[in-house]
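Participant: Handing over start.cif, mmCIF, C-alpha atoms.
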data_start
#
loop_
_atom_site.label_atom_id
_atom_site.label_comp_id
_atom_site.auth_asym_id
_atom_site.auth_seq_id
_atom_site.Cartn_x
_atom_site.Cartn_y
_atom_site.Cartn_z
CA MET A 1 92.72 -181.72 312.26
CA SER A 2 94.24 -181.51 308.79
CA PRO A 3 94.58 -177.98 307.37
CA ARG A 4 91.89 -176.74 305.01
CA PRO A 5 93.00 -176.81 301.34
CA ALA A 6 94.06 -173.61 299.62
CA ARG A 7 91.33 -171.49 298.13
CA ARG A 8 89.70 -172.98 295.02
CA ARG A 9 90.08 -170.94 291.84
CA VAL A 10 86.63 -170.22 290.42
CA ALA A 11 85.35 -169.03 287.04
CA VAL A 12 81.81 -167.95 286.18
CA VAL A 13 80.26 -168.57 282.77
CA GLY A 14 77.55 -166.02 282.10
CA THR A 15 77.35 -162.73 283.99
CA GLY A 16 73.61 -162.05 283.98
CA ALA A 17 71.22 -161.53 286.87
CA ILE A 18 71.46 -165.00 288.43
CA VAL A 19 75.26 -164.78 288.58
CA THR A 20 75.44 -161.22 289.88
CA GLY A 21 72.50 -161.64 292.23
CA SER A 22 73.15 -165.11 293.64
CA HIS A 23 76.52 -166.63 292.67
CA LEU A 24 78.61 -163.53 293.33
CA PRO A 25 77.25 -163.09 296.89
CA ALA A 26 77.88 -166.81 297.49
CA LEU A 27 81.49 -166.44 296.38
CA GLU A 28 81.89 -163.40 298.62
CA ALA A 29 80.44 -165.30 301.58
CA HIS A 30 83.00 -168.08 301.05
CA ALA A 31 85.92 -165.78 300.26
CA ASP A 32 88.12 -167.73 302.67
CA ARG A 33 87.63 -170.87 300.54
CA VAL A 34 87.32 -169.61 296.95
CA GLU A 35 88.85 -166.98 294.70
CA LEU A 36 87.03 -165.66 291.62
CA VAL A 37 89.64 -165.54 288.87
CA ALA A 38 87.73 -165.39 285.58
CA ALA A 39 84.39 -164.60 283.95
CA VAL A 40 82.94 -165.45 280.54
CA ASP A 41 80.28 -163.59 278.57
CA VAL A 42 79.57 -163.02 274.89
CA ASP A 43 78.48 -159.44 275.66
CA PRO A 44 81.63 -157.34 276.25
CA ALA A 45 79.79 -154.53 278.00
CA ARG A 46 78.05 -156.88 280.41
CA LEU A 47 81.30 -158.71 281.04
CA ASP A 48 83.13 -155.46 281.84
CA ALA A 49 80.33 -154.35 284.18
CA PHE A 50 80.51 -157.67 286.02
CA ARG A 51 84.28 -157.52 286.37
CA ALA A 52 83.99 -154.03 287.83
CA GLU A 53 81.33 -155.16 290.28
CA ALA A 54 83.27 -158.28 291.29
CA GLY A 55 86.42 -156.29 291.98
CA GLY A 56 89.84 -157.84 292.27
CA ASP A 57 91.77 -159.24 289.34
CA VAL A 58 89.03 -161.10 287.43
CA ALA A 59 90.07 -161.94 283.88
CA GLY A 60 87.44 -161.68 281.13
CA TYR A 61 86.92 -164.06 278.21
CA PRO A 62 84.44 -164.23 275.30
CA SER A 63 84.09 -168.03 275.34
CA THR A 64 84.20 -170.94 277.73
CA GLY A 65 86.88 -172.70 275.71
CA ALA A 66 89.23 -169.73 275.77
CA MET A 67 88.78 -169.33 279.50
CA LEU A 68 89.38 -173.02 280.25
CA ASP A 69 92.54 -173.08 278.12
CA ALA A 70 93.96 -169.96 279.76
CA VAL A 71 92.86 -170.27 283.38
CA ARG A 72 92.35 -173.96 284.23
CA PRO A 73 89.97 -173.16 287.13
CA ASP A 74 89.14 -175.62 289.89
CA LEU A 75 85.43 -174.83 289.86
CA VAL A 76 83.15 -173.41 287.15
CA LEU A 77 79.81 -171.79 287.98
CA ILE A 78 77.45 -171.81 284.98
CA GLY A 79 74.64 -169.27 284.73
CA THR A 80 73.84 -169.24 281.00
CA PRO A 81 70.56 -170.14 279.24
CA PRO A 82 69.68 -173.85 279.52
CA ALA A 83 70.57 -174.89 275.96
CA LEU A 84 74.23 -174.13 276.68
CA HIS A 85 74.50 -176.09 279.92
CA ARG A 86 75.42 -179.52 278.57
CA GLU A 87 78.17 -178.26 276.25
CA GLN A 88 79.70 -175.92 278.83
CA THR A 89 79.48 -178.48 281.64
CA VAL A 90 81.15 -181.20 279.58
CA ALA A 91 83.91 -178.80 278.48
CA ALA A 92 84.62 -177.80 282.08
CA LEU A 93 84.66 -181.42 283.25
CA LYS A 94 87.05 -182.39 280.46
CA ALA A 95 89.33 -179.57 281.65
CA GLY A 96 89.33 -181.14 285.11
CA ALA A 97 87.09 -178.58 286.79
CA TRP A 98 84.15 -179.26 289.06
CA VAL A 99 80.89 -177.62 287.97
CA LEU A 100 77.95 -176.00 289.73
CA CYS A 101 75.36 -175.28 287.04
CA GLU A 102 72.02 -173.51 287.15
CA LYS A 103 68.92 -175.64 286.62
CA PRO A 104 68.16 -177.51 284.53
CA LEU A 105 71.55 -179.19 284.37
CA CYS A 106 70.69 -180.22 280.81
CA LEU A 107 67.68 -180.61 278.52
CA SER A 108 67.22 -184.39 278.44
CA LEU A 109 68.30 -187.68 279.93
CA ALA A 110 70.43 -188.26 276.82
CA GLU A 111 72.30 -185.03 277.55
CA TYR A 112 72.67 -186.13 281.16
CA ASP A 113 74.37 -189.32 279.91
CA ASP A 114 76.96 -187.13 278.15
CA ILE A 115 77.65 -185.30 281.42
CA ALA A 116 77.88 -188.56 283.37
CA ALA A 117 80.40 -189.91 280.83
CA ALA A 118 82.49 -186.74 281.14
CA GLU A 119 82.43 -187.08 284.93
CA GLU A 120 83.59 -190.67 284.70
CA ALA A 121 86.42 -189.79 282.33
CA SER A 122 87.67 -186.77 284.25
CA GLY A 123 87.06 -187.65 287.90
CA ALA A 124 85.45 -184.24 288.38
CA TYR A 125 81.80 -183.68 289.31
CA ALA A 126 78.90 -181.58 288.02
CA SER A 127 76.18 -180.42 290.42
CA VAL A 128 72.95 -178.66 289.57
CA VAL A 129 71.76 -175.66 291.59
CA PHE A 130 68.94 -176.93 293.82
CA GLN A 131 69.45 -174.45 296.61
CA HIS A 132 66.11 -175.15 298.33
CA ARG A 133 67.54 -178.43 299.63
CA HIS A 134 70.24 -176.59 301.54
CA GLY A 135 68.48 -174.38 304.05
CA SER A 136 68.51 -175.52 307.67
CA GLY A 137 64.73 -175.92 307.58
CA ALA A 138 64.92 -178.40 304.71
CA ALA A 139 67.74 -180.36 306.33
CA HIS A 140 65.80 -180.52 309.61
CA ALA A 141 62.59 -181.69 307.92
CA ARG A 142 64.42 -184.35 305.92
CA ASP A 143 66.13 -185.68 309.04
CA LEU A 144 62.82 -185.88 310.91
CA ILE A 145 61.07 -187.69 308.05
CA ALA A 146 63.97 -190.06 307.31
CA SER A 147 64.37 -191.00 310.97
CA GLY A 148 60.69 -191.87 311.31
CA GLU A 149 60.21 -189.25 314.02
CA LEU A 150 57.14 -187.86 312.23
CA GLY A 151 55.73 -191.30 311.46
CA THR A 152 55.17 -192.89 308.07
CA PRO A 153 54.84 -190.39 305.17
CA LEU A 154 51.35 -190.75 303.69
CA VAL A 155 50.20 -187.78 301.61
CA ALA A 156 52.08 -184.85 300.06
CA HIS A 157 51.38 -181.72 298.03
CA CYS A 158 53.93 -179.78 295.99
CA GLN A 159 52.85 -176.44 294.54
CA THR A 160 54.70 -173.95 292.36
CA THR A 161 52.00 -171.49 291.32
CA TRP A 162 53.75 -168.47 289.84
CA HIS A 163 52.89 -165.86 287.22
CA ARG A 164 54.75 -164.93 284.06
CA ASP A 165 53.40 -162.50 281.47
CA ALA A 166 53.84 -162.21 277.71
CA ALA A 167 56.86 -159.94 278.13
CA TYR A 168 58.65 -162.73 280.00
CA TYR A 169 58.17 -165.05 277.03
CA ALA A 170 59.29 -162.38 274.56
CA VAL A 171 62.87 -163.37 275.45
CA PRO A 172 63.76 -165.54 272.41
CA TRP A 173 65.00 -168.63 274.25
CA ARG A 174 62.02 -168.95 276.59
CA GLY A 175 59.09 -171.25 275.90
CA ARG A 176 60.98 -173.30 273.29
CA TRP A 177 62.01 -176.92 273.70
CA SER A 178 65.40 -176.52 272.02
CA THR A 179 66.51 -173.63 274.21
CA GLU A 180 64.67 -174.00 277.53
CA GLY A 181 63.87 -177.71 277.56
CA GLY A 182 60.26 -177.19 278.63
CA GLY A 183 57.87 -174.90 280.44
CA PRO A 184 57.26 -174.54 284.20
CA THR A 185 57.87 -178.26 284.67
CA MET A 186 61.53 -177.71 283.76
CA GLY A 187 62.12 -174.05 284.52
CA HIS A 188 60.02 -173.09 287.53
CA GLY A 189 58.51 -175.98 289.50
CA ILE A 190 61.66 -178.06 289.36
CA HIS A 191 62.95 -176.49 292.58
CA GLN A 192 59.89 -177.49 294.61
CA TYR A 193 59.51 -181.03 293.33
CA ASP A 194 63.25 -181.55 293.72
CA LEU A 195 62.75 -180.62 297.36
CA LEU A 196 59.79 -183.02 297.55
CA LEU A 197 61.97 -185.84 296.19
CA HIS A 198 64.70 -184.84 298.65
CA LEU A 199 62.24 -185.16 301.54
CA LEU A 200 60.42 -188.35 300.46
CA GLY A 201 63.01 -190.30 298.52
CA PRO A 202 62.59 -192.29 295.28
CA TRP A 203 59.37 -192.04 293.31
CA ALA A 204 57.79 -195.10 291.73
CA GLU A 205 55.02 -193.93 289.36
CA VAL A 206 53.75 -190.71 287.75
CA ARG A 207 50.43 -189.84 286.09
CA ALA A 208 50.11 -186.34 284.67
CA MET A 209 48.41 -183.69 282.53
CA ALA A 210 49.78 -180.57 280.85
CA SER A 211 48.38 -177.76 278.77
CA ARG A 212 49.02 -174.45 277.00
CA LEU A 213 46.18 -172.36 278.38
CA VAL A 214 47.43 -168.78 277.93
CA HIS A 215 50.89 -168.38 276.42
CA ASP A 216 51.89 -168.85 272.79
CA THR A 217 54.78 -171.21 273.52
CA GLU A 218 55.99 -174.58 272.25
CA SER A 219 56.02 -175.99 275.77
CA GLU A 220 53.32 -176.06 278.45
CA ASP A 221 52.35 -173.22 280.76
CA VAL A 222 50.82 -175.52 283.39
CA SER A 223 51.28 -179.15 284.40
CA THR A 224 49.88 -181.35 287.14
CA ALA A 225 50.91 -184.78 288.35
CA LEU A 226 49.92 -187.57 290.70
CA VAL A 227 52.93 -189.40 292.14
CA ARG A 228 53.38 -192.65 294.03
CA PHE A 229 56.61 -192.93 296.02
CA GLU A 230 58.49 -196.14 296.79
CA ASN A 231 57.56 -195.71 300.47
CA GLY A 232 53.87 -195.76 299.50
CA ALA A 233 53.15 -192.05 299.93
CA LEU A 234 50.92 -190.36 297.35
CA ALA A 235 51.54 -186.79 296.19
CA THR A 236 50.15 -184.08 293.94
CA VAL A 237 52.47 -181.74 292.01
CA VAL A 238 51.36 -178.49 290.32
CA ASN A 239 53.65 -176.34 288.14
CA SER A 240 52.08 -173.12 286.84
CA VAL A 241 53.04 -169.73 285.42
CA LEU A 242 49.37 -168.64 285.28
CA SER A 243 48.73 -167.87 288.95
CA PRO A 244 48.30 -164.22 290.06
CA ASP A 245 48.70 -165.11 293.76
CA GLU A 246 52.21 -166.53 293.65
CA VAL A 247 53.32 -169.13 296.19
CA SER A 248 55.68 -172.08 296.55
CA ARG A 249 54.51 -174.77 298.92
CA VAL A 250 55.47 -178.28 300.00
CA ARG A 251 53.34 -180.18 302.51
CA VAL A 252 53.93 -183.72 303.79
CA ASP A 253 51.35 -185.45 305.97
CA CYS A 254 52.92 -188.18 308.07
CA ALA A 255 51.23 -190.45 310.60
CA ASP A 256 52.30 -188.26 313.52
CA ALA A 257 52.58 -184.79 312.01
CA THR A 258 52.07 -182.48 309.06
CA VAL A 259 55.16 -180.56 307.96
CA GLU A 260 54.59 -177.62 305.63
CA LEU A 261 56.81 -175.09 303.88
CA THR A 262 55.25 -171.93 302.42
CA HIS A 263 57.46 -169.33 300.68
CA LEU A 264 58.12 -167.95 297.22
CA TYR A 265 61.76 -167.95 296.09
CA GLY A 266 63.57 -168.97 299.28
CA HIS A 267 62.94 -170.12 302.83
CA ARG A 268 64.13 -169.76 306.41
CA ASN A 269 63.20 -171.74 309.53
CA ASP A 270 60.12 -169.59 310.18
CA ASP A 271 58.65 -170.64 306.82
CA TRP A 272 58.32 -174.24 308.06
CA THR A 273 55.48 -175.36 310.33
CA TYR A 274 54.87 -178.63 312.18
CA THR A 275 51.36 -179.64 313.22
CA PRO A 276 51.30 -182.69 315.49
CA ALA A 277 48.62 -185.34 315.32
CA ARG A 278 46.24 -185.37 318.27
CA HIS A 279 47.90 -188.39 319.86
CA VAL A 280 51.40 -186.77 319.95
CA ALA A 281 52.65 -185.53 323.30
CA PRO A 282 53.33 -181.75 323.38
CA GLU A 283 56.93 -182.13 324.52
CA ARG A 284 57.68 -184.39 321.55
CA ALA A 285 56.21 -181.87 319.11
CA THR A 286 58.17 -178.99 320.67
CA ALA A 287 61.42 -180.69 319.74
CA TRP A 288 60.49 -180.63 316.05
CA ARG A 289 60.09 -176.92 315.68
CA THR A 290 63.52 -175.30 315.87
CA PRO A 291 66.69 -176.42 314.08
CA ALA A 292 69.95 -175.55 315.82
CA ALA A 293 70.71 -172.78 313.29
CA ASP A 294 68.73 -170.63 310.85
CA VAL A 295 70.42 -171.01 307.46
CA PRO A 296 68.42 -169.62 304.53
CA SER A 297 68.06 -171.71 301.40
CA SER A 298 70.51 -170.06 299.02
CA HIS A 299 73.34 -170.41 296.55
CA THR A 300 75.61 -169.59 299.48
CA ALA A 301 74.43 -172.65 301.39
CA GLN A 302 74.77 -174.94 298.38
CA LEU A 303 78.22 -173.65 297.44
CA GLY A 304 79.31 -174.37 301.01
CA ALA A 305 78.00 -177.92 300.72
CA VAL A 306 79.87 -178.44 297.44
CA LEU A 307 83.10 -177.16 298.98
CA ASP A 308 82.59 -179.37 302.04
CA ALA A 309 82.22 -182.42 299.80
CA TRP A 310 85.34 -181.46 297.87
CA ASP A 311 87.35 -181.10 301.06
CA ALA A 312 86.07 -184.51 302.22
CA GLY A 313 86.83 -186.20 298.89
CA GLU A 314 83.15 -187.02 298.31
CA ARG A 315 80.67 -186.63 295.47
CA PRO A 316 78.89 -183.30 296.00
CA PRO A 317 75.14 -183.05 296.60
CA GLY A 318 73.01 -182.35 293.54
CA SER A 319 75.22 -184.42 291.24
CA GLY A 320 75.13 -187.95 289.87
CA PRO A 321 72.07 -189.95 290.98
CA ASP A 322 70.62 -186.89 292.76
CA ALA A 323 70.66 -184.81 289.59
CA ARG A 324 69.43 -187.62 287.37
CA ALA A 325 66.48 -188.55 289.61
CA THR A 326 65.01 -185.06 289.37
CA LEU A 327 65.57 -184.87 285.60
CA GLU A 328 64.02 -188.33 285.19
CA PHE A 329 60.98 -187.15 287.15
CA ALA A 330 60.56 -184.25 284.72
CA ALA A 331 60.81 -186.58 281.72
CA ALA A 332 58.31 -188.97 283.31
CA LEU A 333 55.86 -186.14 284.00
CA TYR A 334 56.02 -185.03 280.37
CA LYS A 335 55.69 -188.58 279.04
CA ALA A 336 52.72 -189.30 281.28
CA ALA A 337 51.06 -186.00 280.35
CA PHE A 338 51.59 -186.28 276.60
CA THR A 339 50.79 -190.00 276.22
CA GLY A 340 48.03 -190.29 278.82
CA HIS A 341 49.68 -193.35 280.35
CA PRO A 342 51.35 -193.84 283.75
CA VAL A 343 55.14 -193.86 283.74
CA ARG A 344 57.22 -195.91 286.16
CA ALA A 345 60.68 -195.10 287.44
CA GLY A 346 63.40 -196.51 285.21
CA GLU A 347 61.07 -196.84 282.22
CA ILE A 348 62.58 -194.06 280.10
CA ALA A 349 65.71 -195.64 278.64
CA PRO A 350 67.79 -194.97 275.52
CA GLY A 351 65.56 -195.49 272.49
CA ASP A 352 62.53 -194.00 274.22
CA PRO A 353 61.74 -190.66 272.51
CA PHE A 354 61.35 -189.02 275.93
CA HIS A 355 64.94 -189.98 276.71
CA SER A 356 66.27 -187.74 273.94
CA ALA A 357 63.82 -184.82 274.36
CA MET A 358 61.25 -183.80 276.93
CA HIS A 359 58.61 -183.40 274.21
CA GLY A 360 59.17 -187.00 273.11
CA ASP A 361 58.49 -186.05 269.47
CA HIS A 362 54.81 -186.10 270.32
CA PRO A 363 52.85 -184.68 267.35
CA ASP A 364 50.91 -182.22 269.55
CA TRP A 365 53.99 -180.98 271.39
CA ALA A 366 57.13 -181.38 269.30
CA PRO A 367 58.56 -178.17 267.79
CA LYS A 368 57.01 -177.14 264.49
CA GLU A 369 58.91 -175.83 261.50
CA ARG A 370 59.25 -172.05 261.73
CA ALA A 371 58.58 -169.96 258.66
#
Translate the structure of the given file into structure tokens.

Facilitator:
Amino acid sequence: MSPRPARRRVAVVGTGAIVTGSHLPALEAHADRVELVAAVDVDPARLDAFRAEAGGDVAGYPSTGAMLDAVRPDLVLIGTPPALHREQTVAALKAGAWVLCEKPLCLSLAEYDDIAAAEEASGAYASVVFQHRHGSGAAHARDLIASGELGTPLVAHCQTTWHRDAAYYAVPWRGRWSTEGGGPTMGHGIHQYDLLLHLLGPWAEVRAMASRLVHDTESEDVSTALVRFENGALATVVNSVLSPDEVSRVRVDCADATVELTHLYGHRNDDWTYTPARHVAPERATAWRTPAADVPSSHTAQLGAVLDAWDAGERPPGSGPDARATLEFAAALYKAAFTGHPVRAGEIAPGDPFHSAMHGDHPDWAPKERA
């Protein structure tokens, strides 16, 4: 076997809760493969607190550009508000660094095109954090569905029913198209329907509805969709921040079994259940239930997958076509909801208003002038 490459030099951009609570533990778990060398934050006090927590010799910088010029990291982890993702991702790619960025990777398909062009020019890659794909339970379910072991996929349900109060939306960048890119369709439910797409493959058609029922926001606080997949399966998708009993759920009914995941913000093997059809032999169903290992869905698991791809000289998961397909689904859901017409995969191209913004300049949804 060839020796493992030297540790990758990593920088984090943003030092808020998602970085301290998820990215920093992931870096610590992979300390044999990565070294945190720099951190960026516009808040000096927060930056200093993070550097103290991270330990070691972590340099601090007030801007992404200054850090990239001084440090030239191998990998940049981005945990800033969504409106900054495109600019920071492109800058890191142009500096030759790989990127692992919090969702959404960017705010529109037009912004995604900028990232794709920067990838092409630099040879580096940008992945979006979709950690729910990376638990052992998700990998096991995907393998069973893709192999046909559970029979033909027929019906699916994808549910992100969470609750966010007015205080949550008091944060200035939340609930606004220009800074968050959308409501729960972009910022909350995206993890579950990304997992649904990961399990079932390409979608073909979306019909949808969306509304502002409670919160005083530019974007929606609930959306629903009906989806037809290329394999013929039909699915429902619900994205809500209005639901007191919070749950995240994905269910796929195949010809030979129902597979269901019920959790909130992360899953382990025990959160997945398999219910065989009546005609399935018990010994066959027993083999479905237990993956070889119990790996939680997490930033740690996804960072490991990115590093594995780098070592193998491959495009990392959650980048390129993977990242675009999920973003295109979000754009299609918004277009279908706001226009009242079905949207087919590949329909939203440059020149379509929903290509440049998720609100599509729709008169009922586009941002209004602020006094």

Participant: With all atoms listed in the file as the atoms that count, which of A:Ala29, A:Val13, A:Ala257, A:Val252 lies nearest to His279 of chain A?

Facilitator: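 Of the candidates, the smallest distance to His279 of chain A is held by A:Ala257.
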
Participant: Starting from the shown file, work through the PyMOL selection byres ((chain A and resi 247) around 6) and note down what comes out as number ranges by chain.

Facilitator: A: 161, 246, 248, 264

Participant: Can you tell me how far atom CA of Gly148 of chain A sits from atom CA of Glu347 of chain A, in Å to one decimal?

Facilitator: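 Interatomic distance here is 29.5 Å.
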
Participant: Would you list the contacts of Arg289 of chain A as an MDAnalysis selection string, taking every protein, DNA or RNA residue within 8 Å and counting all atoms listed in the file, but skipping same-chain residues closer than 2 positions in sequence?

Facilitator: chainID A and resid 273:274 285:287 291

Participant: With distances taken over all atoms listed in the file, which of A:Ala337, A:Ala70, A:Ala116, A:Leu307 is nearest to Ala210 of chain A?

Facilitator: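 Result for the nearest residue to Ala210 of chain A: A:Ala337.
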
Participant: Give me, please, the distance in Å between atom CA of Asp270 of chain A and atom CA of Leu200 of chain A, quoted to one decimal.

Facilitator: 21.1 Å

Participant: Write out as a list in words each polymer residue whose atoms come within 10 Å of His23 of chain A, counting all atoms listed in the file; drop sequence neighbours fewer than 3 positions from it.

Facilitator: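 Neighbouring residues, sequence-local ones excluded: Val12, Thr15, Ala17, Ile18, Val19, Thr20, Ala26, Leu27, Glu28, Ala29, Leu77, Ile78, Gly79, Leu100, Glu102, Ser298, His299, Thr300 and Leu303 of chain A.
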
Participant: Dump as CSV the rows for residues of segment 202-246 of chain A within 12 Å of segment 176-187 of chain A: closest atom pair and distance in Å with one decimal, all atoms listed in the file counted, ordered by chain and rising residue number.

Facilitator:
residue,atom,partner,partner_atom,distance
A:Ala208,CA,A:Thr185,CA,11.2
A:Met209,CA,A:Thr185,CA,11.1
A:Ala210,CA,A:Thr185,CA,9.2
A:Ser211,CA,A:Gly183,CA,10.1
A:Arg212,CA,A:Gly183,CA,9.5
A:His215,CA,A:Gly183,CA,10.4
A:Asp216,CA,A:Arg176,CA,10.1
A:Thr217,CA,A:Arg176,CA,6.5
A:Glu218,CA,A:Arg176,CA,5.3
A:Ser219,CA,A:Gly183,CA,5.1
A:Glu220,CA,A:Gly183,CA,5.1
A:Asp221,CA,A:Gly183,CA,5.8
A:Val222,CA,A:Pro184,CA,6.6
A:Ser223,CA,A:Thr185,CA,6.7
A:Thr224,CA,A:Thr185,CA,8.9
A:Ala225,CA,A:Thr185,CA,10.2
A:Val237,CA,A:Thr185,CA,9.8
A:Val238,CA,A:Thr185,CA,8.6
A:Asn239,CA,A:Pro184,CA,5.6
A:Ser240,CA,A:Pro184,CA,6.0
A:Val241,CA,A:Pro184,CA,6.5
A:Leu242,CA,A:Pro184,CA,9.9
A:Ser243,CA,A:Pro184,CA,11.8

Participant: Would you please work out which residue, of A:Ala38, A:Ala233, A:Val128, A:Met358, is nearest to Gly201 of chain A when using all atoms listed in the file?

Facilitator: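 Among A:Ala38, A:Ala233, A:Val128, A:Met358, it is A:Ala233 that comes nearest to Gly201 of chain A.
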
Participant: Work out how far apart atom CA of Leu24 of chain A and atom CA of Ala45 of chain A are and give it in Å to one decimal.

Facilitator: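 Spanning atom CA of Leu24 of chain A to atom CA of Ala45 of chain A is a straight-line distance of 17.8 Å.
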
Participant: Residues within 12 Å of (63.2, -188.4, 309.1), file coordinates, counting all atoms listed in the file: what are they? Give the list as a PyMOL selection string.

Facilitator: chain A and resi 138-153+198-201+252+254+256-257+259+288
